[in-house]
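Novice: Dropping in input33.csv, with CSV, C-alpha atoms.
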```csv
chain,number,residue,atom,x,y,z
T,793,MET,CA,-198.8,-121.7,-108.8
T,794,GLY,CA,-198.0,-122.6,-112.4
T,795,ASN,CA,-199.6,-121.3,-115.6
T,796,LEU,CA,-202.8,-122.8,-117.0
T,797,PRO,CA,-202.4,-125.5,-119.7
T,798,SER,CA,-202.4,-124.2,-123.2
T,799,CYS,CA,-205.7,-126.0,-123.9
T,800,ARG,CA,-207.4,-123.7,-121.3
T,801,VAL,CA,-206.2,-120.4,-122.8
T,802,GLN,CA,-206.0,-120.9,-126.5
T,803,GLU,CA,-208.9,-120.1,-128.8
T,804,ALA,CA,-210.7,-123.2,-130.0
T,805,LYS,CA,-214.0,-124.5,-131.2
T,806,PRO,CA,-216.3,-125.6,-128.3
T,807,PHE,CA,-215.5,-129.2,-127.1
T,808,LEU,CA,-212.5,-129.4,-129.5
T,809,LYS,CA,-210.5,-130.3,-126.3
T,810,THR,CA,-212.6,-131.9,-123.7
T,811,GLY,CA,-212.4,-133.3,-120.2
T,812,ILE,CA,-214.4,-136.4,-119.1
T,813,ASP,CA,-215.5,-137.6,-115.7
T,814,TYR,CA,-218.1,-139.9,-114.2
T,815,ALA,CA,-220.6,-139.5,-111.4
T,816,GLY,CA,-222.9,-141.9,-109.7
T,817,PRO,CA,-224.4,-144.3,-109.1
T,818,PHE,CA,-228.0,-143.2,-109.1
T,819,ARG,CA,-231.0,-145.5,-108.7
T,820,ILE,CA,-233.5,-145.6,-111.5
T,821,VAL,CA,-236.2,-147.8,-112.9
T,822,LEU,CA,-236.8,-148.6,-116.6
T,823,ASN,CA,-240.6,-148.2,-116.3
T,824,ARG,CA,-243.2,-147.6,-113.7
T,825,HIS,CA,-245.3,-150.5,-112.6
T,826,ARG,CA,-245.8,-152.6,-109.5
T,827,GLY,CA,-242.9,-154.8,-108.4
T,828,VAL,CA,-240.3,-153.2,-110.7
T,829,ARG,CA,-236.7,-153.4,-109.6
T,830,SER,CA,-234.4,-150.4,-109.4
T,831,GLN,CA,-230.9,-150.4,-111.0
T,832,LYS,CA,-227.9,-148.3,-111.1
T,833,ALA,CA,-227.2,-145.5,-113.6
T,834,TYR,CA,-224.3,-143.2,-114.1
T,835,ILE,CA,-223.6,-139.7,-115.4
T,836,CYS,CA,-220.9,-139.2,-118.0
T,837,LEU,CA,-219.9,-135.5,-118.1
T,838,PHE,CA,-218.0,-133.8,-120.9
T,839,VAL,CA,-216.6,-130.3,-120.2
T,840,CYS,CA,-215.0,-128.0,-122.8
T,841,LEU,CA,-211.6,-126.9,-121.6
T,842,ALA,CA,-211.7,-123.6,-123.5
T,843,VAL,CA,-215.2,-122.2,-122.9
T,844,LYS,CA,-216.3,-124.3,-119.8
T,845,ALA,CA,-219.5,-125.5,-121.5
T,846,ILE,CA,-220.7,-128.9,-120.3
T,847,HIS,CA,-222.5,-131.8,-121.9
T,848,ILE,CA,-224.1,-134.6,-119.8
T,849,GLU,CA,-224.9,-138.1,-121.0
T,850,LEU,CA,-226.8,-140.7,-118.9
T,851,VAL,CA,-225.5,-144.3,-119.2
T,852,SER,CA,-227.5,-147.2,-117.8
T,853,ASP,CA,-224.4,-149.2,-116.7
T,854,LEU,CA,-220.7,-149.2,-116.5
T,855,SER,CA,-219.8,-151.1,-119.6
T,856,THR,CA,-217.4,-150.3,-122.5
T,857,SER,CA,-220.2,-150.5,-125.1
T,858,ASN,CA,-222.4,-148.0,-123.2
T,859,PHE,CA,-219.5,-145.6,-122.8
T,860,ILE,CA,-218.7,-145.8,-126.6
T,861,GLN,CA,-222.4,-145.1,-127.3
T,862,ALA,CA,-222.5,-142.1,-125.0
T,863,PHE,CA,-219.3,-140.9,-126.6
T,864,LYS,CA,-220.8,-141.2,-130.1
T,865,ARG,CA,-223.9,-139.3,-129.0
T,866,PHE,CA,-221.6,-136.6,-127.7
T,867,LEU,CA,-219.7,-136.4,-131.0
T,868,ALA,CA,-223.0,-136.3,-133.0
T,869,ARG,CA,-224.4,-133.4,-131.0
T,870,ARG,CA,-221.2,-131.3,-130.3
T,871,GLY,CA,-218.9,-132.1,-133.2
T,872,LEU,CA,-215.6,-133.9,-133.5
T,873,CYS,CA,-213.0,-133.2,-130.8
T,874,THR,CA,-209.2,-133.7,-131.2
T,875,MET,CA,-208.1,-134.3,-127.6
T,876,LEU,CA,-209.6,-135.9,-124.5
T,877,TYR,CA,-208.4,-135.5,-120.9
T,878,SER,CA,-209.4,-137.6,-117.9
T,879,ASP,CA,-207.9,-139.2,-114.8
T,880,ARG,CA,-206.6,-142.8,-114.7
T,881,GLY,CA,-209.2,-144.0,-112.3
T,882,SER,CA,-206.6,-144.7,-109.6
T,883,ASN,CA,-208.2,-142.1,-107.4
T,884,PHE,CA,-211.2,-144.4,-107.2
T,885,VAL,CA,-209.2,-147.2,-105.5
T,886,GLY,CA,-210.5,-147.6,-101.9
T,887,ALA,CA,-212.3,-144.3,-102.0
T,888,LYS,CA,-215.8,-145.7,-101.9
T,889,SER,CA,-217.2,-149.1,-102.5
T,890,GLN,CA,-219.7,-147.7,-105.0
T,891,LEU,CA,-216.8,-146.5,-107.3
T,892,LYS,CA,-215.2,-150.0,-107.5
T,893,ASP,CA,-217.1,-150.8,-110.8
T,894,LEU,CA,-216.0,-147.5,-112.3
T,895,PHE,CA,-212.4,-148.2,-111.5
T,896,GLU,CA,-212.6,-151.7,-112.9
T,897,LEU,CA,-214.1,-150.4,-116.2
T,898,ILE,CA,-211.4,-147.8,-116.8
T,899,ARG,CA,-208.5,-150.2,-116.0
T,900,SER,CA,-209.9,-153.2,-117.9
T,901,GLU,CA,-208.1,-154.3,-121.0
T,902,ASN,CA,-211.3,-154.6,-123.0
T,903,PHE,CA,-212.1,-150.9,-122.3
T,904,LYS,CA,-208.6,-149.8,-123.4
T,905,THR,CA,-208.7,-151.9,-126.6
T,906,GLN,CA,-212.1,-150.8,-127.8
T,907,ILE,CA,-211.6,-147.2,-126.9
T,908,GLU,CA,-208.2,-146.9,-128.5
T,909,ALA,CA,-209.6,-148.5,-131.7
T,910,GLU,CA,-212.6,-146.0,-131.7
T,911,LEU,CA,-210.3,-143.0,-131.1
T,912,THR,CA,-207.8,-144.1,-133.7
T,913,ILE,CA,-210.5,-144.1,-136.4
T,914,LYS,CA,-211.5,-140.5,-135.5
T,915,GLY,CA,-207.9,-139.3,-134.9
T,916,ILE,CA,-208.6,-138.3,-131.3
T,917,GLN,CA,-205.8,-138.3,-128.7
T,918,TRP,CA,-206.6,-139.3,-125.1
T,919,ASN,CA,-204.4,-137.8,-122.3
T,920,PHE,CA,-204.4,-138.9,-118.7
T,921,ILE,CA,-203.5,-136.8,-115.7
T,922,ALA,CA,-201.0,-138.1,-113.1
T,923,PRO,CA,-202.3,-141.0,-111.0
T,924,GLY,CA,-203.9,-139.9,-107.7
T,925,ALA,CA,-203.9,-136.3,-108.6
T,926,PRO,CA,-207.6,-135.3,-109.1
T,927,HIS,CA,-206.7,-131.6,-108.5
T,928,MET,CA,-205.1,-131.6,-112.0
T,929,GLY,CA,-208.6,-132.2,-113.4
T,930,GLY,CA,-210.1,-129.4,-111.3
T,931,LEU,CA,-212.2,-128.1,-114.2
T,932,TRP,CA,-214.3,-131.3,-114.7
T,933,GLU,CA,-214.1,-132.2,-110.9
T,934,SER,CA,-215.8,-128.9,-110.0
T,935,ASN,CA,-218.5,-129.4,-112.6
T,936,ILE,CA,-219.1,-132.9,-111.4
T,937,LYS,CA,-219.5,-131.6,-107.9
T,938,SER,CA,-222.0,-128.9,-109.0
T,939,VAL,CA,-224.1,-131.6,-110.7
T,940,LYS,CA,-223.9,-134.4,-108.2
T,941,SER,CA,-224.0,-132.7,-104.8
T,942,HIS,CA,-227.2,-130.8,-105.6
T,943,LEU,CA,-228.8,-133.6,-107.7
T,944,LEU,CA,-228.6,-136.1,-104.8
T,945,LYS,CA,-230.3,-133.6,-102.5
T,946,ILE,CA,-233.2,-132.7,-104.8
T,947,VAL,CA,-233.9,-136.2,-106.0
T,948,GLY,CA,-233.7,-137.7,-102.5
T,949,ASP,CA,-235.6,-141.1,-102.2
T,950,GLN,CA,-237.5,-140.5,-105.5
T,951,LEU,CA,-237.1,-143.3,-108.0
T,952,LEU,CA,-237.0,-141.7,-111.5
T,953,THR,CA,-237.3,-143.6,-114.7
T,954,TYR,CA,-234.5,-143.4,-117.3
T,955,GLU,CA,-236.4,-140.8,-119.4
T,956,GLU,CA,-237.2,-138.7,-116.3
T,957,LEU,CA,-233.6,-138.6,-115.0
T,958,ASN,CA,-232.3,-137.9,-118.6
T,959,THR,CA,-234.8,-135.0,-118.9
T,960,LEU,CA,-233.7,-133.6,-115.6
T,961,LEU,CA,-230.0,-133.9,-116.4
T,962,ILE,CA,-230.4,-132.1,-119.8
T,963,GLN,CA,-232.2,-129.2,-118.1
T,964,ILE,CA,-229.5,-129.1,-115.5
T,965,GLU,CA,-227.0,-128.9,-118.3
T,966,CYS,CA,-228.9,-125.9,-119.7
T,967,LEU,CA,-228.7,-124.2,-116.3
T,968,LEU,CA,-225.0,-124.7,-115.9
T,969,ASN,CA,-224.3,-123.5,-119.4
T,970,SER,CA,-226.2,-120.2,-118.6
T,971,ARG,CA,-223.8,-119.0,-115.9
T,972,PRO,CA,-222.1,-115.7,-116.6
T,973,LEU,CA,-218.4,-115.7,-117.4
T,974,CYS,CA,-217.5,-112.1,-118.2
T,975,VAL,CA,-218.9,-108.9,-119.6
T,976,LEU,CA,-220.1,-109.1,-123.2
T,977,SER,CA,-221.7,-105.7,-123.6
T,978,SER,CA,-221.4,-102.9,-121.1
T,979,ASP,CA,-224.4,-101.0,-122.5
T,980,PRO,CA,-225.7,-98.9,-119.5
T,981,ALA,CA,-229.3,-99.6,-120.7
T,982,GLU,CA,-229.0,-103.4,-120.7
T,983,PRO,CA,-225.6,-105.0,-120.0
T,984,ILE,CA,-225.1,-108.6,-121.3
T,985,ALA,CA,-222.9,-111.3,-119.9
T,986,LEU,CA,-221.0,-113.8,-121.9
T,987,THR,CA,-222.0,-117.4,-121.1
T,988,PRO,CA,-220.9,-120.9,-122.3
T,989,ALA,CA,-224.3,-121.0,-124.2
T,990,HIS,CA,-223.1,-118.2,-126.5
T,991,PHE,CA,-220.4,-120.5,-127.9
T,992,LEU,CA,-223.0,-123.3,-128.5
T,993,THR,CA,-226.1,-121.5,-129.7
T,994,LEU,CA,-224.7,-117.9,-130.4
T,995,THR,CA,-227.5,-116.5,-128.1
T,996,PRO,CA,-228.1,-116.6,-124.4
T,997,LEU,CA,-230.4,-119.4,-123.2
T,998,ASP,CA,-234.0,-118.3,-122.5
T,999,ARG,CA,-236.1,-119.4,-119.6
T,1000,LEU,CA,-237.3,-123.0,-119.4
T,1001,PRO,CA,-241.1,-123.4,-120.3
T,1002,ALA,CA,-242.6,-124.3,-116.9
T,1003,ILE,CA,-244.7,-122.7,-114.2
T,1004,ASN,CA,-243.4,-122.2,-110.7
T,1005,VAL,CA,-244.3,-125.3,-108.6
T,1006,MET,CA,-241.9,-124.7,-105.7
T,1007,ASP,CA,-244.8,-123.9,-103.3
T,1008,VAL,CA,-246.9,-126.9,-104.4
T,1009,ASN,CA,-247.1,-130.0,-102.2
T,1010,LEU,CA,-245.1,-132.9,-103.9
T,1011,SER,CA,-248.1,-135.2,-103.4
T,1012,ARG,CA,-250.2,-133.0,-105.7
T,1013,LEU,CA,-247.7,-132.9,-108.6
T,1014,SER,CA,-247.8,-135.1,-111.7
T,1015,ARG,CA,-244.7,-136.8,-112.8
T,1016,TYR,CA,-243.7,-134.1,-115.3
T,1017,GLN,CA,-244.4,-131.4,-112.8
T,1018,LEU,CA,-242.2,-133.3,-110.3
T,1019,ILE,CA,-239.3,-132.9,-112.8
T,1020,ASP,CA,-240.0,-129.2,-113.1
T,1021,HIS,CA,-240.0,-128.9,-109.3
T,1022,MET,CA,-236.6,-130.7,-109.2
T,1023,VAL,CA,-235.2,-128.4,-111.9
T,1024,GLN,CA,-236.4,-125.2,-110.0
T,1025,HIS,CA,-235.0,-126.6,-106.7
T,1026,PHE,CA,-231.7,-127.3,-108.3
T,1027,TRP,CA,-231.6,-123.8,-109.8
T,1028,GLN,CA,-232.2,-122.2,-106.4
T,1029,ARG,CA,-229.5,-124.2,-104.6
T,1030,TRP,CA,-226.8,-124.0,-107.4
T,1031,ARG,CA,-227.4,-120.3,-108.2
T,1032,ILE,CA,-226.8,-119.3,-104.6
T,1033,GLU,CA,-223.6,-121.4,-104.5
T,1034,TYR,CA,-222.3,-120.0,-107.7
T,1035,LEU,CA,-222.9,-116.4,-106.6
T,1036,HIS,CA,-221.1,-117.1,-103.4
T,1037,THR,CA,-218.0,-118.1,-105.4
T,1038,MET,CA,-218.0,-114.6,-107.0
T,1039,GLN,CA,-217.8,-112.9,-103.6
T,1040,THR,CA,-214.8,-114.8,-102.0
T,1041,ARG,CA,-212.2,-112.6,-100.2
T,1042,GLU,CA,-208.8,-113.9,-99.2
T,1043,LYS,CA,-208.1,-111.3,-96.5
T,1044,TRP,CA,-210.4,-109.1,-94.5
T,1045,ASN,CA,-207.8,-106.7,-93.2
T,1046,THR,CA,-206.9,-105.2,-96.6
T,1047,LEU,CA,-209.0,-103.6,-99.3
T,1048,ASN,CA,-209.5,-106.1,-102.1
T,1049,ASN,CA,-211.0,-105.2,-105.5
T,1050,PRO,CA,-212.9,-102.0,-104.3
T,1051,ILE,CA,-216.3,-101.4,-105.9
T,1052,LYS,CA,-216.0,-98.7,-108.7
T,1053,ILE,CA,-218.4,-96.8,-110.8
T,1054,GLY,CA,-219.1,-98.5,-114.2
T,1055,THR,CA,-218.6,-102.1,-112.9
T,1056,ILE,CA,-221.1,-104.7,-114.2
T,1057,VAL,CA,-222.6,-106.7,-111.4
T,1058,LEU,CA,-225.0,-109.5,-110.8
T,1059,LEU,CA,-227.8,-108.7,-108.4
T,1060,GLN,CA,-228.8,-111.2,-105.8
T,1061,GLN,CA,-232.6,-111.5,-106.0
T,1062,PRO,CA,-234.6,-114.4,-104.4
T,1063,ASN,CA,-237.2,-116.4,-106.2
T,1064,LEU,CA,-235.9,-115.8,-109.7
T,1065,PRO,CA,-237.0,-118.3,-112.4
T,1066,PRO,CA,-234.4,-120.5,-114.0
T,1067,LEU,CA,-231.9,-118.9,-116.4
T,1068,GLN,CA,-232.6,-115.4,-115.2
T,1069,TRP,CA,-229.4,-113.5,-114.2
T,1070,PRO,CA,-230.2,-109.8,-113.4
T,1071,LEU,CA,-227.4,-107.6,-114.5
T,1072,GLY,CA,-226.8,-103.9,-113.6
T,1073,ARG,CA,-224.2,-101.2,-113.9
T,1074,ILE,CA,-222.9,-99.3,-110.9
T,1075,MET,CA,-223.8,-95.6,-111.3
T,1076,GLU,CA,-223.1,-94.3,-107.8
T,1077,VAL,CA,-221.1,-95.3,-104.7
T,1078,PHE,CA,-221.7,-94.2,-101.1
T,1079,PRO,CA,-218.6,-94.5,-99.0
T,1080,GLY,CA,-218.9,-94.8,-95.2
T,1081,ASN,CA,-216.9,-93.0,-92.5
T,1082,TYR,CA,-213.7,-94.8,-93.3
T,1083,GLY,CA,-214.0,-94.4,-97.0
T,1084,ILE,CA,-215.2,-98.0,-97.6
T,1085,VAL,CA,-218.1,-98.4,-100.0
T,1086,ARG,CA,-220.9,-100.4,-98.5
T,1087,VAL,CA,-223.9,-99.1,-100.5
T,1088,ILE,CA,-224.1,-98.6,-104.2
T,1089,GLY,CA,-226.6,-97.3,-106.8
T,1090,VAL,CA,-227.2,-99.9,-109.6
T,1091,LYS,CA,-228.9,-99.2,-112.9
T,1092,THR,CA,-230.8,-102.1,-114.5
T,1093,LYS,CA,-233.1,-102.3,-117.4
T,1094,ASN,CA,-236.0,-101.9,-114.9
T,1095,GLY,CA,-234.7,-98.8,-113.2
T,1096,THR,CA,-232.1,-97.6,-110.7
T,1097,TYR,CA,-231.9,-99.1,-107.2
T,1098,ARG,CA,-229.8,-98.8,-104.0
T,1099,ARG,CA,-228.2,-102.1,-102.8
T,1100,PRO,CA,-225.6,-103.1,-100.2
T,1101,VAL,CA,-222.4,-104.4,-101.7
T,1102,THR,CA,-223.1,-107.8,-100.1
T,1103,LYS,CA,-226.0,-108.2,-102.5
T,1104,VAL,CA,-224.1,-107.7,-105.7
T,1105,CYS,CA,-221.4,-109.8,-107.4
T,1106,PRO,CA,-219.0,-108.2,-109.9
T,1107,LEU,CA,-218.5,-110.2,-113.0
T,1108,PRO,CA,-214.9,-111.5,-113.5
T,1109,THR,CA,-212.3,-110.0,-115.7
T,1110,GLN,CA,-213.2,-106.4,-114.8
```
When written as structure tokens, how does the structure in this file appear?

Specialist:
Amino acid sequence: MGNLPSCRVQEAKPFLKTGIDYAGPFRIVLNRHRGVRSQKAYICLFVCLAVKAIHIELVSDLSTSNFIQAFKRFLARRGLCTMLYSDRGSNFVGAKSQLKDLFELIRSENFKTQIEAELTIKGIQWNFIAPGAPHMGGLWESNIKSVKSHLLKIVGDQLLTYEELNTLLIQIECLLNSRPLCVLSSDPAEPIALTPAHFLTLTPLDRLPAINVMDVNLSRLSRYQLIDHMVQHFWQRWRIEYLHTMQTREKWNTLNNPIKIGTIVLLQQPNLPPLQWPLGRIMEVFPGNYGIVRVIGVKTKNGTYRRPVTKVCPLPTQ
């Protein structure tokens, strides 16, 4: 395995070097009245290569003008970037019929001409990865997967308006930017994890202002409560998936990263509201008959608890 590209490891302002990818299509309606026809909409995702923060823009169709408008909205909210990375669109060829429009957009001469003119004015360089090698863009591909796979499941057959889907996507962006990356403060009283949101707002993101509607029948929810239900459903599904990625083990016959006293861990607790990541510090370990630690004592801001090691996730870079 080779080294990471320099743009992934060098210190830089958020979104100074950015990866771009598309997802979709999703079916939306422009307004809600009888007889309205649905139409396609797409997600344009921007991911910072340095701090892994994401920015999501919703575009109503695959046209050059709409992409340029989405790109201008991104620059207006996140600041000027100097380098863009994306694939060449060749991996869309023959993959799925629904991606044919996206391939034609990226490979069209009109797209190249207008985008090159726009980037030249702002002094931005656009780099392409090798054709047919989506694994070279693993950073934005993994984020697209996190958004799209769960979004399709929670939306289901619901037809959202443009504003409703855009509201849902922006709140999903908030959830993804709250994920812990590494330890920021190892204070035993209240440890803090570094998140992509720290680079954007200088503070961790607080909880979203909404009541818990997960146990309410969908037929009894208003339209804005339905969006809250989708956000909370997305949080439950994606949070579990993210925690599982922090517990992967390559081999089961050798001891790998043993639990130690002083390690900062995330606690797996069901039914947590969005943006809540309970952190604790390991204060005690209880080895079994073979010297393997299977139970630990964790100190949190609410007290000290005993937990099995399968219910905690050590933060990276420890």

Novice: Quick one: of T:Ala862, T:Val1101, T:Ala833, T:Cys974, who's nearest to Arg819 (chain T), counting only C-alpha atoms?

Specialist: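 Checking each of T:Ala862, T:Val1101, T:Ala833, T:Cys974 against Arg819 (chain T), counting only C-alpha atoms, the winner is T:Ala833.
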
Novice: Pick out the residues sitting within 6 Å of region 1059-1073 of chain T, and hand them over as a list in words; count all atoms listed in the file, and ignore anything fewer than 3 positions along from it in its own chain.

Specialist: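 Result of the neighbour search: Arg999, Gly1054, Thr1055, Ile1056, Val1090, Lys1091, Thr1092, Lys1103 and Val1104 of chain T.
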
Novice: What is the distance, in Å and to one decimal place, between CA of Phe807 (chain T) and CA of Val839 (chain T)?

Specialist: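 Separating CA of Phe807 (chain T) from CA of Val839 (chain T) is a distance of 7.1 Å.
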
Novice: Might you pull out every residue within 7 Å of Ala845 (chain T), with all atoms listed in the file counted and same-chain residues fewer than 4 positions away left off, and present them as an NGL selection string?

Specialist: :T and (839-840 or 969 or 988)

Novice: Could you give me, as a list in words, the residues that sit within 7 Å of (-213.2, -123.1, -125.9) in the file's coordinates, counting all atoms listed in the file?

Specialist: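 Neighbouring residues, ordered by chain and number, come to Glu803, Ala804, Lys805, Pro806, Phe807, Cys840, Leu841, Ala842, Val843 and Lys844 of chain T.
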
Novice: Please identify every residue of region 808-921 of chain T that has at least one atom no farther than 8 Å from an atom of region 931-946 of chain T, counting all atoms listed in the file, and for each give the shortest atom pair and the distance in Å to one decimal, arranged by chain then increasing number, as CSV.

Specialist:
```
residue,atom,partner,partner_atom,distance
T:Gly811,CA,T:Trp932,CA,6.2
T:Ile812,CA,T:Trp932,CA,6.7
T:Asp813,CA,T:Trp932,CA,6.5
T:Tyr814,CA,T:Ile936,CA,7.6
T:Ala815,CA,T:Ile936,CA,6.8
T:Gly816,CA,T:Lys940,CA,7.7
T:Leu837,CA,T:Ile936,CA,7.2
T:Phe838,CA,T:Trp932,CA,7.6
T:Val839,CA,T:Trp932,CA,6.0
T:Leu841,CA,T:Leu931,CA,7.5
T:Lys844,CA,T:Leu931,CA,7.9
```

Novice: Give as a PyMOL selection string each residue that has an atom at most 8 Å from (-225.2, -97.8, -100.4) in the file, counting only C-alpha atoms.

Specialist: chain T and resi 1077-1079+1085-1089+1098-1101

Novice: Compare T:Ser1011, T:Asn795, T:Thr993, T:Thr810 by their minimum atom-to-atom distance to His847 (chain T), counting all atoms listed in the file, and give me the closest one.

Specialist: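 Closest to His847 (chain T), using all atoms listed in the file: T:Thr810.
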
Novice: If you count all atoms listed in the file, which residues fall within 12 Å of Leu997 (chain T), apart from same-chain ones fewer than 6 positions away, as an mmCIF file with C-alpha atoms, in the frame of the given file?

Specialist:
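This is the output file out31.cif:
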```
data_model
loop_
_atom_site.group_PDB
_atom_site.id
_atom_site.type_symbol
_atom_site.label_atom_id
_atom_site.label_comp_id
_atom_site.auth_asym_id
_atom_site.auth_seq_id
_atom_site.Cartn_x
_atom_site.Cartn_y
_atom_site.Cartn_z
ATOM 1 C CA GLN T 963 -232.200 -129.200 -118.100
ATOM 2 C CA GLU T 965 -227.000 -128.900 -118.300
ATOM 3 C CA CYS T 966 -228.900 -125.900 -119.700
ATOM 4 C CA LEU T 967 -228.700 -124.200 -116.300
ATOM 5 C CA LEU T 968 -225.000 -124.700 -115.900
ATOM 6 C CA ASN T 969 -224.300 -123.500 -119.400
ATOM 7 C CA SER T 970 -226.200 -120.200 -118.600
ATOM 8 C CA ARG T 971 -223.800 -119.000 -115.900
ATOM 9 C CA PRO T 972 -222.100 -115.700 -116.600
ATOM 10 C CA ALA T 985 -222.900 -111.300 -119.900
ATOM 11 C CA LEU T 986 -221.000 -113.800 -121.900
ATOM 12 C CA THR T 987 -222.000 -117.400 -121.100
ATOM 13 C CA PRO T 988 -220.900 -120.900 -122.300
ATOM 14 C CA ALA T 989 -224.300 -121.000 -124.200
ATOM 15 C CA HIS T 990 -223.100 -118.200 -126.500
ATOM 16 C CA PHE T 991 -220.400 -120.500 -127.900
ATOM 17 C CA PRO T 1066 -234.400 -120.500 -114.000
ATOM 18 C CA LEU T 1067 -231.900 -118.900 -116.400
ATOM 19 C CA GLN T 1068 -232.600 -115.400 -115.200
ATOM 20 C CA TRP T 1069 -229.400 -113.500 -114.200
#
```

Novice: Any idea what's packed within 9 Å of Ser852 (chain T), counting all atoms listed in the file, ignoring anything in its chain fewer than 6 positions away? Could you give it as number ranges by chain?

Specialist: T: 820, 831-835, 858, 954

Novice: Mind giving me the straight-line distance from CA of Lys904 (chain T) to CA of Ile962 (chain T) in Å, one decimal?

Specialist: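 Between these atoms lies a distance of 28.3 Å.
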
Novice: With distances taken over all atoms listed in the file, which residue among T:Ser857, T:Asn919, T:Ser977, T:Thr953 lies nearest Asn823 (chain T)?

Specialist: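 For Asn823 (chain T), the nearest of the candidates is T:Thr953.
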
Novice: Of the candidates T:Leu994, T:Met875, T:Met928, T:Leu957, which shows the shortest atom-to-atom distance to Leu911 (chain T), using all atoms listed in the file?

Specialist: T:Met875

Novice: Could you jot down the CA of Gly929 (chain T) to CA of Pro1106 (chain T) separation for me, Å, one decimal place?

Specialist: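 It comes out at 26.4 Å.
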
Novice: Atoms are missing here; could region 997-1002 of chain T be completed with all heavy atoms and written as an mmCIF file, in the coordinates of the input?

Specialist:
```cif
data_model
loop_
_atom_site.group_PDB
_atom_site.id
_atom_site.type_symbol
_atom_site.label_atom_id
_atom_site.label_comp_id
_atom_site.auth_asym_id
_atom_site.auth_seq_id
_atom_site.Cartn_x
_atom_site.Cartn_y
_atom_site.Cartn_z
ATOM 1 N N LEU T 997 -229.321 -118.465 -123.392
ATOM 2 C CA LEU T 997 -230.400 -119.400 -123.200
ATOM 3 C C LEU T 997 -231.607 -118.654 -122.564
ATOM 4 O O LEU T 997 -231.438 -117.881 -121.623
ATOM 5 C CB LEU T 997 -230.022 -120.570 -122.363
ATOM 6 C CG LEU T 997 -228.933 -121.458 -122.977
ATOM 7 C CD1 LEU T 997 -228.487 -122.519 -121.983
ATOM 8 C CD2 LEU T 997 -229.434 -122.119 -124.250
ATOM 9 N N ASP T 998 -232.819 -118.911 -123.072
ATOM 10 C CA ASP T 998 -234.000 -118.300 -122.500
ATOM 11 C C ASP T 998 -234.552 -119.159 -121.388
ATOM 12 O O ASP T 998 -234.051 -120.239 -121.126
ATOM 13 C CB ASP T 998 -235.069 -118.125 -123.622
ATOM 14 C CG ASP T 998 -236.102 -117.079 -123.267
ATOM 15 O OD1 ASP T 998 -236.049 -116.566 -122.136
ATOM 16 O OD2 ASP T 998 -236.955 -116.781 -124.128
ATOM 17 N N ARG T 999 -235.583 -118.671 -120.721
ATOM 18 C CA ARG T 999 -236.100 -119.400 -119.600
ATOM 19 C C ARG T 999 -236.763 -120.711 -120.010
ATOM 20 O O ARG T 999 -237.272 -120.852 -121.130
ATOM 21 C CB ARG T 999 -237.153 -118.540 -118.840
ATOM 22 C CG ARG T 999 -238.417 -118.251 -119.628
ATOM 23 C CD ARG T 999 -239.393 -117.460 -118.768
ATOM 24 N NE ARG T 999 -238.812 -116.190 -118.354
ATOM 25 C CZ ARG T 999 -239.361 -115.405 -117.444
ATOM 26 N NH1 ARG T 999 -240.477 -115.762 -116.845
ATOM 27 N NH2 ARG T 999 -238.793 -114.250 -117.125
ATOM 28 N N LEU T 1000 -236.743 -121.700 -119.117
ATOM 29 C CA LEU T 1000 -237.300 -123.000 -119.400
ATOM 30 C C LEU T 1000 -238.862 -122.884 -119.328
ATOM 31 O O LEU T 1000 -239.407 -122.240 -118.430
ATOM 32 C CB LEU T 1000 -236.844 -124.024 -118.376
ATOM 33 C CG LEU T 1000 -235.336 -124.298 -118.408
ATOM 34 C CD1 LEU T 1000 -234.930 -125.194 -117.248
ATOM 35 C CD2 LEU T 1000 -234.937 -124.928 -119.720
ATOM 36 N N PRO T 1001 -239.589 -123.501 -120.263
ATOM 37 C CA PRO T 1001 -241.100 -123.400 -120.300
ATOM 38 C C PRO T 1001 -241.708 -124.202 -119.197
ATOM 39 O O PRO T 1001 -242.050 -125.370 -119.384
ATOM 40 C CB PRO T 1001 -241.413 -123.895 -121.687
ATOM 41 C CG PRO T 1001 -240.313 -124.851 -122.021
ATOM 42 C CD PRO T 1001 -239.071 -124.310 -121.370
ATOM 43 N N ALA T 1002 -241.912 -123.598 -118.021
ATOM 44 C CA ALA T 1002 -242.600 -124.300 -116.900
ATOM 45 C C ALA T 1002 -243.085 -123.264 -115.922
ATOM 46 O O ALA T 1002 -242.487 -122.198 -115.729
ATOM 47 C CB ALA T 1002 -241.590 -125.243 -116.221
#
```
